[in-house]
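S.K.: Okay, so here is run_34.pdb, and as you'll see once you scroll down, it has PDB, C-alpha atoms.
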ATOM      1  CA  MET A 180      75.747 103.691  93.772  1.00  0.00           C
ATOM      2  CA  LYS A 181      72.779 103.286  91.405  1.00  0.00           C
ATOM      3  CA  LYS A 182      74.863 103.252  88.237  1.00  0.00           C
ATOM      4  CA  THR A 183      76.181 100.736  85.726  1.00  0.00           C
ATOM      5  CA  ILE A 184      79.921 100.140  86.081  1.00  0.00           C
ATOM      6  CA  LYS A 185      81.974  98.416  83.400  1.00  0.00           C
ATOM      7  CA  ALA A 186      84.604  95.730  83.916  1.00  0.00           C
ATOM      8  CA  VAL A 187      86.840  93.652  81.658  1.00  0.00           C
ATOM      9  CA  VAL A 188      86.615  89.869  82.138  1.00  0.00           C
ATOM     10  CA  ILE A 189      89.354  87.713  80.574  1.00  0.00           C
ATOM     11  CA  THR A 190      88.849  83.959  80.395  1.00  0.00           C
ATOM     12  CA  PRO A 191      91.190  81.236  79.114  1.00  0.00           C
ATOM     13  CA  ASN A 192      90.856  80.338  75.429  1.00  0.00           C
ATOM     14  CA  ASP A 193      89.402  76.920  76.270  1.00  0.00           C
ATOM     15  CA  TYR A 194      87.013  78.331  78.876  1.00  0.00           C
ATOM     16  CA  GLN A 195      83.864  76.978  77.182  1.00  0.00           C
ATOM     17  CA  SER A 196      85.130  73.387  77.223  1.00  0.00           C
ATOM     18  CA  LEU A 197      86.423  73.491  80.815  1.00  0.00           C
ATOM     19  CA  GLN A 198      84.466  71.457  83.303  1.00  0.00           C
ATOM     20  CA  GLY A 199      85.778  72.602  86.663  1.00  0.00           C
ATOM     21  CA  PRO A 200      85.586  76.038  88.283  1.00  0.00           C
ATOM     22  CA  LEU A 201      88.502  78.452  87.925  1.00  0.00           C
ATOM     23  CA  PRO A 202      90.266  80.821  90.319  1.00  0.00           C
ATOM     24  CA  VAL A 203      89.780  84.548  89.729  1.00  0.00           C
ATOM     25  CA  VAL A 204      92.271  87.400  90.063  1.00  0.00           C
ATOM     26  CA  TYR A 205      90.903  90.946  90.307  1.00  0.00           C
ATOM     27  CA  LEU A 206      93.385  93.394  88.760  1.00  0.00           C
ATOM     28  CA  LEU A 207      92.930  97.036  89.788  1.00  0.00           C
ATOM     29  CA  HIS A 208      93.988 100.139  87.844  1.00  0.00           C
ATOM     30  CA  GLY A 209      95.758 103.223  89.141  1.00  0.00           C
ATOM     31  CA  TYR A 210      94.767 106.840  89.690  1.00  0.00           C
ATOM     32  CA  GLY A 211      93.426 108.634  86.631  1.00  0.00           C
ATOM     33  CA  ASP A 212      92.651 105.411  84.791  1.00  0.00           C
ATOM     34  CA  ARG A 213      89.679 103.132  84.253  1.00  0.00           C
ATOM     35  CA  TYR A 214      88.641  99.508  83.716  1.00  0.00           C
ATOM     36  CA  ASP A 215      90.427  99.126  80.359  1.00  0.00           C
ATOM     37  CA  GLY A 216      93.662 100.779  81.459  1.00  0.00           C
ATOM     38  CA  TRP A 217      95.514  97.505  81.828  1.00  0.00           C
ATOM     39  CA  LEU A 218      94.439  96.354  78.365  1.00  0.00           C
ATOM     40  CA  LYS A 219      95.467  99.600  76.695  1.00  0.00           C
ATOM     41  CA  LYS A 220      98.755 100.257  78.503  1.00  0.00           C
ATOM     42  CA  GLY A 221      99.825  96.906  79.915  1.00  0.00           C
ATOM     43  CA  LYS A 222      98.965  94.682  76.976  1.00  0.00           C
ATOM     44  CA  GLY A 223     100.366  91.189  77.276  1.00  0.00           C
ATOM     45  CA  PHE A 224      99.276  90.534  80.858  1.00  0.00           C
ATOM     46  CA  GLU A 225      96.132  88.813  79.602  1.00  0.00           C
ATOM     47  CA  THR A 226      98.154  85.768  78.480  1.00  0.00           C
ATOM     48  CA  ALA A 227      98.248  84.811  82.173  1.00  0.00           C
ATOM     49  CA  ALA A 228      94.652  83.616  81.859  1.00  0.00           C
ATOM     50  CA  ASP A 229      95.854  80.786  79.592  1.00  0.00           C
ATOM     51  CA  LEU A 230      99.229  80.280  81.249  1.00  0.00           C
ATOM     52  CA  HIS A 231      97.777  79.865  84.734  1.00  0.00           C
ATOM     53  CA  ASN A 232      94.248  78.710  83.844  1.00  0.00           C
ATOM     54  CA  MET A 233      92.497  81.556  85.640  1.00  0.00           C
ATOM     55  CA  ILE A 234      89.943  84.287  85.071  1.00  0.00           C
ATOM     56  CA  ILE A 235      91.181  87.889  85.270  1.00  0.00           C
ATOM     57  CA  VAL A 236      88.745  90.700  86.097  1.00  0.00           C
ATOM     58  CA  CYS A 237      89.673  94.374  85.630  1.00  0.00           C
ATOM     59  CA  PRO A 238      87.096  96.461  87.525  1.00  0.00           C
ATOM     60  CA  ASP A 239      86.500 100.165  87.195  1.00  0.00           C
ATOM     61  CA  GLY A 240      87.530 102.074  90.309  1.00  0.00           C
ATOM     62  CA  ASN A 241      86.658 105.455  88.818  1.00  0.00           C
ATOM     63  CA  VAL A 242      89.568 107.841  88.326  1.00  0.00           C
ATOM     64  CA  SER A 243      90.215 108.532  92.007  1.00  0.00           C
ATOM     65  CA  SER A 244      88.127 106.328  94.277  1.00  0.00           C
ATOM     66  CA  TRP A 245      91.133 104.745  95.974  1.00  0.00           C
ATOM     67  CA  TYR A 246      88.692 101.828  96.288  1.00  0.00           C
ATOM     68  CA  TRP A 247      87.201 103.279  99.468  1.00  0.00           C
ATOM     69  CA  ASP A 248      83.654 103.753 100.602  1.00  0.00           C
ATOM     70  CA  SER A 249      84.008 107.519 100.807  1.00  0.00           C
ATOM     71  CA  PRO A 250      82.713 108.886 104.125  1.00  0.00           C
ATOM     72  CA  LYS A 251      82.128 112.208 102.332  1.00  0.00           C
ATOM     73  CA  ASP A 252      80.286 111.183  99.172  1.00  0.00           C
ATOM     74  CA  GLN A 253      77.730 108.391  98.776  1.00  0.00           C
ATOM     75  CA  ASN A 254      78.470 108.300  95.033  1.00  0.00           C
ATOM     76  CA  TRP A 255      81.943 106.893  95.729  1.00  0.00           C
ATOM     77  CA  GLN A 256      81.321 103.548  97.468  1.00  0.00           C
ATOM     78  CA  TYR A 257      83.895 101.369  95.746  1.00  0.00           C
ATOM     79  CA  GLU A 258      84.832  99.090  98.642  1.00  0.00           C
ATOM     80  CA  THR A 259      81.236  97.885  98.726  1.00  0.00           C
ATOM     81  CA  TYR A 260      81.029  97.709  94.941  1.00  0.00           C
ATOM     82  CA  ILE A 261      84.010  95.398  94.494  1.00  0.00           C
ATOM     83  CA  SER A 262      83.804  93.248  97.629  1.00  0.00           C
ATOM     84  CA  LYS A 263      80.021  92.855  97.871  1.00  0.00           C
ATOM     85  CA  GLU A 264      78.609  93.444  94.384  1.00  0.00           C
ATOM     86  CA  LEU A 265      81.171  92.689  91.674  1.00  0.00           C
ATOM     87  CA  VAL A 266      82.564  89.502  93.229  1.00  0.00           C
ATOM     88  CA  PRO A 267      79.106  87.887  93.639  1.00  0.00           C
ATOM     89  CA  TYR A 268      78.201  88.957  90.095  1.00  0.00           C
ATOM     90  CA  ILE A 269      81.309  87.284  88.653  1.00  0.00           C
ATOM     91  CA  ASP A 270      80.610  84.142  90.688  1.00  0.00           C
ATOM     92  CA  GLN A 271      77.042  84.023  89.384  1.00  0.00           C
ATOM     93  CA  HIS A 272      77.944  84.503  85.719  1.00  0.00           C
ATOM     94  CA  TYR A 273      81.236  82.609  85.343  1.00  0.00           C
ATOM     95  CA  LYS A 274      82.655  79.229  86.334  1.00  0.00           C
ATOM     96  CA  THR A 275      84.558  80.331  89.418  1.00  0.00           C
ATOM     97  CA  ILE A 276      85.848  78.904  92.670  1.00  0.00           C
ATOM     98  CA  ALA A 277      83.415  80.903  94.761  1.00  0.00           C
ATOM     99  CA  GLN A 278      85.384  81.039  97.989  1.00  0.00           C
ATOM    100  CA  PRO A 279      88.417  82.946  99.323  1.00  0.00           C
ATOM    101  CA  ASN A 280      90.950  80.253  98.411  1.00  0.00           C
ATOM    102  CA  GLY A 281      89.980  80.763  94.769  1.00  0.00           C
ATOM    103  CA  ARG A 282      90.155  84.565  94.714  1.00  0.00           C
ATOM    104  CA  GLY A 283      93.072  86.968  94.465  1.00  0.00           C
ATOM    105  CA  ILE A 284      93.341  90.716  94.073  1.00  0.00           C
ATOM    106  CA  THR A 285      96.205  92.981  93.048  1.00  0.00           C
ATOM    107  CA  GLY A 286      96.791  96.301  91.345  1.00  0.00           C
ATOM    108  CA  LEU A 287      99.169  99.143  90.597  1.00  0.00           C
ATOM    109  CA  SER A 288      99.616 102.424  92.496  1.00  0.00           C
ATOM    110  CA  MET A 289      96.127 103.447  93.689  1.00  0.00           C
ATOM    111  CA  GLY A 290      95.111  99.895  92.767  1.00  0.00           C
ATOM    112  CA  GLY A 291      97.930  98.438  94.855  1.00  0.00           C
ATOM    113  CA  HIS A 292      96.590 100.324  97.828  1.00  0.00           C
ATOM    114  CA  GLY A 293      93.070  99.219  96.906  1.00  0.00           C
ATOM    115  CA  ALA A 294      93.971  95.555  96.569  1.00  0.00           C
ATOM    116  CA  LEU A 295      95.603  95.375  99.998  1.00  0.00           C
ATOM    117  CA  PHE A 296      92.946  97.568 101.606  1.00  0.00           C
ATOM    118  CA  LEU A 297      90.109  95.412 100.294  1.00  0.00           C
ATOM    119  CA  ALA A 298      91.767  92.054 100.913  1.00  0.00           C
ATOM    120  CA  ILE A 299      92.863  92.824 104.467  1.00  0.00           C
ATOM    121  CA  ARG A 300      89.379  94.087 105.349  1.00  0.00           C
ATOM    122  CA  HIS A 301      87.583  91.269 103.521  1.00  0.00           C
ATOM    123  CA  GLN A 302      89.498  88.094 104.246  1.00  0.00           C
ATOM    124  CA  ASP A 303      86.194  86.264 103.886  1.00  0.00           C
ATOM    125  CA  VAL A 304      86.303  87.242 100.191  1.00  0.00           C
ATOM    126  CA  PHE A 305      89.994  87.142  99.144  1.00  0.00           C
ATOM    127  CA  GLY A 306      92.640  84.594 100.048  1.00  0.00           C
ATOM    128  CA  VAL A 307      95.641  86.162  98.322  1.00  0.00           C
ATOM    129  CA  ALA A 308      96.545  89.784  97.622  1.00  0.00           C
ATOM    130  CA  GLY A 309      99.294  91.765  95.959  1.00  0.00           C
ATOM    131  CA  SER A 310     100.456  95.288  95.290  1.00  0.00           C
ATOM    132  CA  MET A 311     102.672  96.862  92.628  1.00  0.00           C
ATOM    133  CA  SER A 312     104.032 100.325  93.420  1.00  0.00           C
ATOM    134  CA  GLY A 313     101.149 100.694  95.832  1.00  0.00           C
ATOM    135  CA  GLY A 314     100.278 103.848  97.748  1.00  0.00           C
ATOM    136  CA  VAL A 315     100.234 101.751 100.885  1.00  0.00           C
ATOM    137  CA  ASP A 316     100.429 104.724 103.243  1.00  0.00           C
ATOM    138  CA  ILE A 317      98.423 107.756 102.155  1.00  0.00           C
ATOM    139  CA  ARG A 318      99.379 110.028 105.045  1.00  0.00           C
ATOM    140  CA  PRO A 319     102.619 111.431 103.541  1.00  0.00           C
ATOM    141  CA  PHE A 320     100.626 112.672 100.517  1.00  0.00           C
ATOM    142  CA  PRO A 321      97.776 114.828 101.895  1.00  0.00           C
ATOM    143  CA  LYS A 322      97.453 117.005  98.775  1.00  0.00           C
ATOM    144  CA  ASN A 323      97.839 114.372  96.088  1.00  0.00           C
ATOM    145  CA  TRP A 324      95.591 112.383  93.744  1.00  0.00           C
ATOM    146  CA  GLU A 325      92.244 113.795  94.889  1.00  0.00           C
ATOM    147  CA  MET A 326      92.307 111.811  98.115  1.00  0.00           C
ATOM    148  CA  ALA A 327      91.059 114.866 100.010  1.00  0.00           C
ATOM    149  CA  LYS A 328      87.918 114.810  97.833  1.00  0.00           C
ATOM    150  CA  ARG A 329      87.165 111.306  99.053  1.00  0.00           C
ATOM    151  CA  LEU A 330      88.172 111.732 102.721  1.00  0.00           C
ATOM    152  CA  GLY A 331      88.184 115.474 103.362  1.00  0.00           C
ATOM    153  CA  THR A 332      91.457 117.231 104.115  1.00  0.00           C
ATOM    154  CA  TYR A 333      93.955 115.493 106.381  1.00  0.00           C
ATOM    155  CA  ALA A 334      94.130 118.579 108.602  1.00  0.00           C
ATOM    156  CA  GLN A 335      90.377 118.580 109.242  1.00  0.00           C
ATOM    157  CA  ASN A 336      89.703 114.827 109.061  1.00  0.00           C
ATOM    158  CA  PRO A 337      92.781 113.131 110.540  1.00  0.00           C
ATOM    159  CA  SER A 338      90.826 110.174 111.920  1.00  0.00           C
ATOM    160  CA  ASP A 339      89.587 109.189 108.451  1.00  0.00           C
ATOM    161  CA  TRP A 340      93.080 109.404 106.949  1.00  0.00           C
ATOM    162  CA  GLU A 341      94.372 107.205 109.760  1.00  0.00           C
ATOM    163  CA  LYS A 342      91.499 104.779 109.301  1.00  0.00           C
ATOM    164  CA  TYR A 343      91.670 104.515 105.506  1.00  0.00           C
ATOM    165  CA  THR A 344      95.384 103.867 105.022  1.00  0.00           C
ATOM    166  CA  VAL A 345      96.624 100.308 104.446  1.00  0.00           C
ATOM    167  CA  MET A 346      99.334 100.780 107.066  1.00  0.00           C
ATOM    168  CA  ASN A 347      96.724 100.976 109.810  1.00  0.00           C
ATOM    169  CA  GLN A 348      94.847  97.843 108.714  1.00  0.00           C
ATOM    170  CA  LEU A 349      97.616  95.434 109.684  1.00  0.00           C
ATOM    171  CA  HIS A 350      96.073  94.590 113.065  1.00  0.00           C
ATOM    172  CA  LEU A 351      93.437  92.673 111.105  1.00  0.00           C
ATOM    173  CA  LEU A 352      96.055  90.205 109.851  1.00  0.00           C
ATOM    174  CA  THR A 353      97.220  87.060 111.594  1.00  0.00           C
ATOM    175  CA  PRO A 354     100.064  84.876 110.289  1.00  0.00           C
ATOM    176  CA  ASN A 355      98.995  83.181 107.032  1.00  0.00           C
ATOM    177  CA  SER A 356      95.431  84.512 107.175  1.00  0.00           C
ATOM    178  CA  LEU A 357      96.129  86.209 103.836  1.00  0.00           C
ATOM    179  CA  ALA A 358      98.863  85.368 101.320  1.00  0.00           C
ATOM    180  CA  LEU A 359     100.694  88.585 100.371  1.00  0.00           C
ATOM    181  CA  ILE A 360     103.086  89.741  97.652  1.00  0.00           C
ATOM    182  CA  ILE A 361     104.323  93.343  97.617  1.00  0.00           C
ATOM    183  CA  ASP A 362     106.483  94.814  94.839  1.00  0.00           C
ATOM    184  CA  CYS A 363     107.915  98.307  94.433  1.00  0.00           C
ATOM    185  CA  GLY A 364     110.802  99.740  92.422  1.00  0.00           C
ATOM    186  CA  THR A 365     113.705 101.481  94.150  1.00  0.00           C
ATOM    187  CA  ASP A 366     113.162 104.669  92.103  1.00  0.00           C
ATOM    188  CA  ASP A 367     109.444 104.888  92.930  1.00  0.00           C
ATOM    189  CA  PHE A 368     108.084 107.752  95.048  1.00  0.00           C
ATOM    190  CA  PHE A 369     106.149 105.085  96.977  1.00  0.00           C
ATOM    191  CA  TYR A 370     109.297 103.057  97.700  1.00  0.00           C
ATOM    192  CA  SER A 371     109.793 104.310 101.261  1.00  0.00           C
ATOM    193  CA  VAL A 372     106.202 103.551 102.325  1.00  0.00           C
ATOM    194  CA  ASN A 373     106.486 100.079 100.797  1.00  0.00           C
ATOM    195  CA  GLN A 374     109.716  99.485 102.693  1.00  0.00           C
ATOM    196  CA  GLU A 375     107.955 100.535 105.875  1.00  0.00           C
ATOM    197  CA  LEU A 376     105.045  98.193 105.146  1.00  0.00           C
ATOM    198  CA  HIS A 377     107.561  95.369 104.684  1.00  0.00           C
ATOM    199  CA  ARG A 378     109.158  96.241 108.054  1.00  0.00           C
ATOM    200  CA  GLN A 379     105.795  96.359 109.800  1.00  0.00           C
ATOM    201  CA  LEU A 380     104.780  92.983 108.398  1.00  0.00           C
ATOM    202  CA  LEU A 381     108.096  91.478 109.524  1.00  0.00           C
ATOM    203  CA  TYR A 382     107.631  92.968 112.986  1.00  0.00           C
ATOM    204  CA  ARG A 383     104.171  91.398 113.211  1.00  0.00           C
ATOM    205  CA  ASN A 384     105.430  88.009 111.953  1.00  0.00           C
ATOM    206  CA  ILE A 385     103.142  88.159 108.924  1.00  0.00           C
ATOM    207  CA  PRO A 386     104.585  85.987 106.113  1.00  0.00           C
ATOM    208  CA  HIS A 387     104.798  87.797 102.772  1.00  0.00           C
ATOM    209  CA  ASP A 388     106.899  88.150  99.642  1.00  0.00           C
ATOM    210  CA  PHE A 389     108.573  91.523  99.192  1.00  0.00           C
ATOM    211  CA  ILE A 390     110.120  92.286  95.804  1.00  0.00           C
ATOM    212  CA  SER A 391     112.272  95.291  95.027  1.00  0.00           C
ATOM    213  CA  ARG A 392     114.258  95.953  91.881  1.00  0.00           C
ATOM    214  CA  PRO A 393     115.497  99.044  90.025  1.00  0.00           C
ATOM    215  CA  GLY A 394     112.609 100.889  88.428  1.00  0.00           C
ATOM    216  CA  GLY A 395     110.090 103.667  88.833  1.00  0.00           C
ATOM    217  CA  HIS A 396     106.370 104.340  88.697  1.00  0.00           C
ATOM    218  CA  THR A 397     106.077 103.229  85.080  1.00  0.00           C
ATOM    219  CA  TRP A 398     104.217 100.830  82.811  1.00  0.00           C
ATOM    220  CA  PRO A 399     107.376  98.906  81.835  1.00  0.00           C
ATOM    221  CA  TYR A 400     107.845  98.172  85.549  1.00  0.00           C
ATOM    222  CA  TRP A 401     104.238  97.042  86.037  1.00  0.00           C
ATOM    223  CA  LYS A 402     104.150  94.917  82.878  1.00  0.00           C
ATOM    224  CA  ASN A 403     107.072  92.972  84.323  1.00  0.00           C
ATOM    225  CA  ALA A 404     105.841  92.955  87.920  1.00  0.00           C
ATOM    226  CA  VAL A 405     102.357  91.676  87.137  1.00  0.00           C
ATOM    227  CA  GLN A 406     103.767  88.389  85.818  1.00  0.00           C
ATOM    228  CA  TYR A 407     105.265  87.684  89.249  1.00  0.00           C
ATOM    229  CA  GLN A 408     101.968  88.586  90.884  1.00  0.00           C
ATOM    230  CA  PHE A 409     100.084  86.080  88.738  1.00  0.00           C
ATOM    231  CA  LEU A 410     102.701  83.373  89.372  1.00  0.00           C
ATOM    232  CA  PHE A 411     102.491  83.929  93.131  1.00  0.00           C
ATOM    233  CA  MET A 412      98.712  83.655  92.968  1.00  0.00           C
ATOM    234  CA  ARG A 413      98.795  80.576  90.747  1.00  0.00           C
ATOM    235  CA  ASN A 414     101.089  78.885  93.288  1.00  0.00           C
ATOM    236  CA  TYR A 415      98.695  79.857  96.080  1.00  0.00           C
ATOM    237  CA  PHE A 416      95.688  78.450  94.184  1.00  0.00           C
ATOM    238  CA  SER A 417      97.612  75.253  93.423  1.00  0.00           C
ATOM    239  CA  LYS A 418      98.357  74.714  97.111  1.00  0.00           C
ATOM    240  CA  MET A 419      94.687  75.231  97.919  1.00  0.00           C
ATOM    241  CA  ASP A 420      93.757  72.511  95.416  1.00  0.00           C
ATOM    242  CA  ARG A 421      95.720  69.849  97.255  1.00  0.00           C
TER     243      ARG A 421
END
Could I get this file's structure written as structure tokens?

M.R.:
Amino acid sequence: MKKTIKAVVITPNDYQSLQGPLPVVYLLHGYGDRYDGWLKKGKGFETAADLHNMIIVCPDGNVSSWYWDSPKDQNWQYETYISKELVPYIDQHYKTIAQPNGRGITGLSMGGHGALFLAIRHQDVFGVAGSMSGGVDIRPFPKNWEMAKRLGTYAQNPSDWEKYTVMNQLHLLTPNSLALIIDCGTDDFFYSVNQELHRQLLYRNIPHDFISRPGGHTWPYWKNAVQYQFLFMRNYFSKMDR
């Protein structure tokens, strides 16, 4: 996109003395936020770098990219940025496990959609993916969150809305091709689409963890949920080490 994009990179306290490469988790922000949103509003999550001996990267997805390569605007190519530019940059500049079994991606809301969208479409990059309160089906929300700016209106561009929703990427999955953890609160406006994603994954025999507990589309919910996401990913990385 011919611009400099910021990201937060969190390493364990003893990173400099570590000999071996570390797994990396990419943690995506939601709509209206930016690369430092997690640090400012979800403070405390960064302790997972020490607890699980991993690197955490918080990319910038602009306020409303939905982590797509927009078919309408060449200045919004965030699928390419994260999967083909940021990941190689992190691998070149940090001590990482530079293969899918050492990379995870998760996020909240728009970032939950983005994490699943990117991981499902780039299983050669990510081995494990998660979502917290993710907008995993965009079609029920045609007038929300500037999605029409990225895709055009649903009424005039139905094929793009069908193509760019997580729900219609599931044919790319095979059992255990991607480790998945999906979390959404029962009071969340995205709860019904997350339930439907869970049903579709069950129908397709795709193993996954599905977590639901009382809670809404709020930072207290995400600050709790992200700890389970990191634990799930740590367990995945540990299995890959054996």

S.K.: Using all atoms listed in the file for the distances, tell me which of A:Arg300, A:His292, A:Lys418, A:Lys251 is nearest to Gly209 (chain A).

M.R.: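 Of the candidates, the smallest distance to Gly209 (chain A) is held by A:His292.
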
S.K.: Enumerate, as a PyMOL selection string, the residues matched when the PyMOL selection byres ((chain A and resi 293) around 9) is run on the file above.

M.R.: chain A and resi 207+245-247+258+284-292+294-298+310+313-315+345

S.K.: Mind giving me the straight-line distance from CA of Met180 (chain A) to CA of Trp255 (chain A) in Å, one decimal?

M.R.: 7.2 Å

S.K.: One decimal, in Å: what's the spacing between CA of Asn192 (chain A) and CA of Gln406 (chain A)?

M.R.: 18.4 Å

S.K.: Between A:Ile184, A:Ala404, A:Ala358, A:Ala327, which one has atoms that come closest to Tyr257 (chain A), using only C-alpha atoms?

M.R.: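 Among A:Ile184, A:Ala404, A:Ala358, A:Ala327, it is A:Ile184 that comes nearest to Tyr257 (chain A).
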
S.K.: Identify all residues satisfying the PyMOL selection byres ((chain A and resi 227) around 10) in the given file; provide them as a PyMOL selection string.

M.R.: chain A and resi 189-191+223-226+228-235+405-406+409-410+413

S.K.: Please compute the CA of Gly306 (chain A)-CA of Met412 (chain A) distance, one decimal, in Å.

M.R.: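 So the answer is 9.4 Å.
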
S.K.: Please write the residues picked by the PyMOL selection byres ((chain A and resi 216) around 12) on this file as JSON, numbers by chain.

M.R.: {"A": [186, 187, 206, 207, 208, 209, 210, 211, 212, 213, 214, 215, 217, 218, 219, 220, 221, 222, 224, 237, 238, 239, 240, 241, 242, 286, 287, 290, 398]}

S.K.: Which protein, DNA or RNA residues are at most 7 Å from (92.6, 89.1, 110.0) in the file's coordinates when you count only C-alpha atoms, listed as a list in words?

M.R.: Ile299, Gln302, Leu351, Leu352, Thr353 and Ser356 of chain A

S.K.: Hey, could you pull the box centre and edge lengths for region 291-299 of chain A, axis-aligned, 3 Å padding per side, all listed atoms, to one decimal in Å, as lines of an AutoDock Vina configuration file?

M.R.:
center_x = 94.0
center_y = 96.2
center_z = 99.7
size_x = 13.8
size_y = 14.3
size_z = 15.6

S.K.: Write out as a PDB file with C-alpha atoms, in the coordinates of the input each polymer residue whose atoms come within 9 Å of Gln278 (chain A), counting all atoms listed in the file; drop sequence neighbours fewer than 4 positions from it.

M.R.:
ATOM      1  CA  ARG A 282      90.155  84.565  94.714  1.00  0.00           C
ATOM      2  CA  ASP A 303      86.194  86.264 103.886  1.00  0.00           C
ATOM      3  CA  VAL A 304      86.303  87.242 100.191  1.00  0.00           C
ATOM      4  CA  PHE A 305      89.994  87.142  99.144  1.00  0.00           C
ATOM      5  CA  GLY A 306      92.640  84.594 100.048  1.00  0.00           C
TER       6      GLY A 306
END

S.K.: Using only C-alpha atoms, pick whichever of A:Ala277, A:Val188, A:Ile360, A:Val203 has the shortest atom-to-atom distance to Ile385 (chain A).

M.R.: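 Closest residue, counting only C-alpha atoms: A:Ile360.
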
S.K.: Counting all atoms listed in the file, which residue out of A:Gln374, A:Thr365, A:Asn280, A:Gln195 sits closest to Gly394 (chain A)?

M.R.: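 So, comparing all the options, the nearest one is A:Thr365.
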
S.K.: Nearest residue to Pro319 (chain A) out of A:Ser371, A:Val307, A:Leu359, A:Ile269, using only C-alpha atoms?

M.R.: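 Among the listed residues, A:Ser371 lies closest to Pro319 (chain A).
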
S.K.: Please identify all polymer residues within 9 Å of Thr259 (chain A), counting all atoms listed in the file, omitting same-chain residues fewer than 3 positions from it, and present them as a PyMOL selection string.

M.R.: chain A and resi 246-248+256+262-265

S.K.: Counting all atoms listed in the file, find the residues whose atoms lie at most 7 Å from (85.9, 84.1, 88.5) (file coordinates) and write them out as a list of chain:residue names.

M.R.: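 Result, sorted by chain then residue number: A:Leu201, A:Pro202, A:Val203, A:Ile234, A:Ile269, A:Asp270, A:Tyr273, A:Lys274, A:Thr275, A:Ile276.
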
S.K.: Export, as a compact mmCIF listing (two decimals), in the frame of the given file, the selected residues with C-alpha atoms.

M.R.:
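Below is the file that was written, again20.txt:
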# COMPACT_ATOMS: atom_id res chain seq x y z
CA LEU A 201 88.50 78.45 87.92
CA PRO A 202 90.27 80.82 90.32
CA VAL A 203 89.78 84.55 89.73
CA ILE A 234 89.94 84.29 85.07
CA ILE A 269 81.31 87.28 88.65
CA ASP A 270 80.61 84.14 90.69
CA TYR A 273 81.24 82.61 85.34
CA LYS A 274 82.66 79.23 86.33
CA THR A 275 84.56 80.33 89.42
CA ILE A 276 85.85 78.90 92.67

S.K.: Kindly indicate which residue among A:Asn336, A:Ser417, A:Gln379, A:Asn323 lies nearest to Gln348 (chain A), using all atoms listed in the file for the distances.

M.R.: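 With all atoms listed in the file as the atom set, the closest residue is A:Gln379.
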
S.K.: If we count only C-alpha atoms, what is near Ile390 (chain A) at a cut-off of 7 Å, once residues fewer than 2 positions away on the same chain are taken out, given as a count of residues only?

M.R.: 5
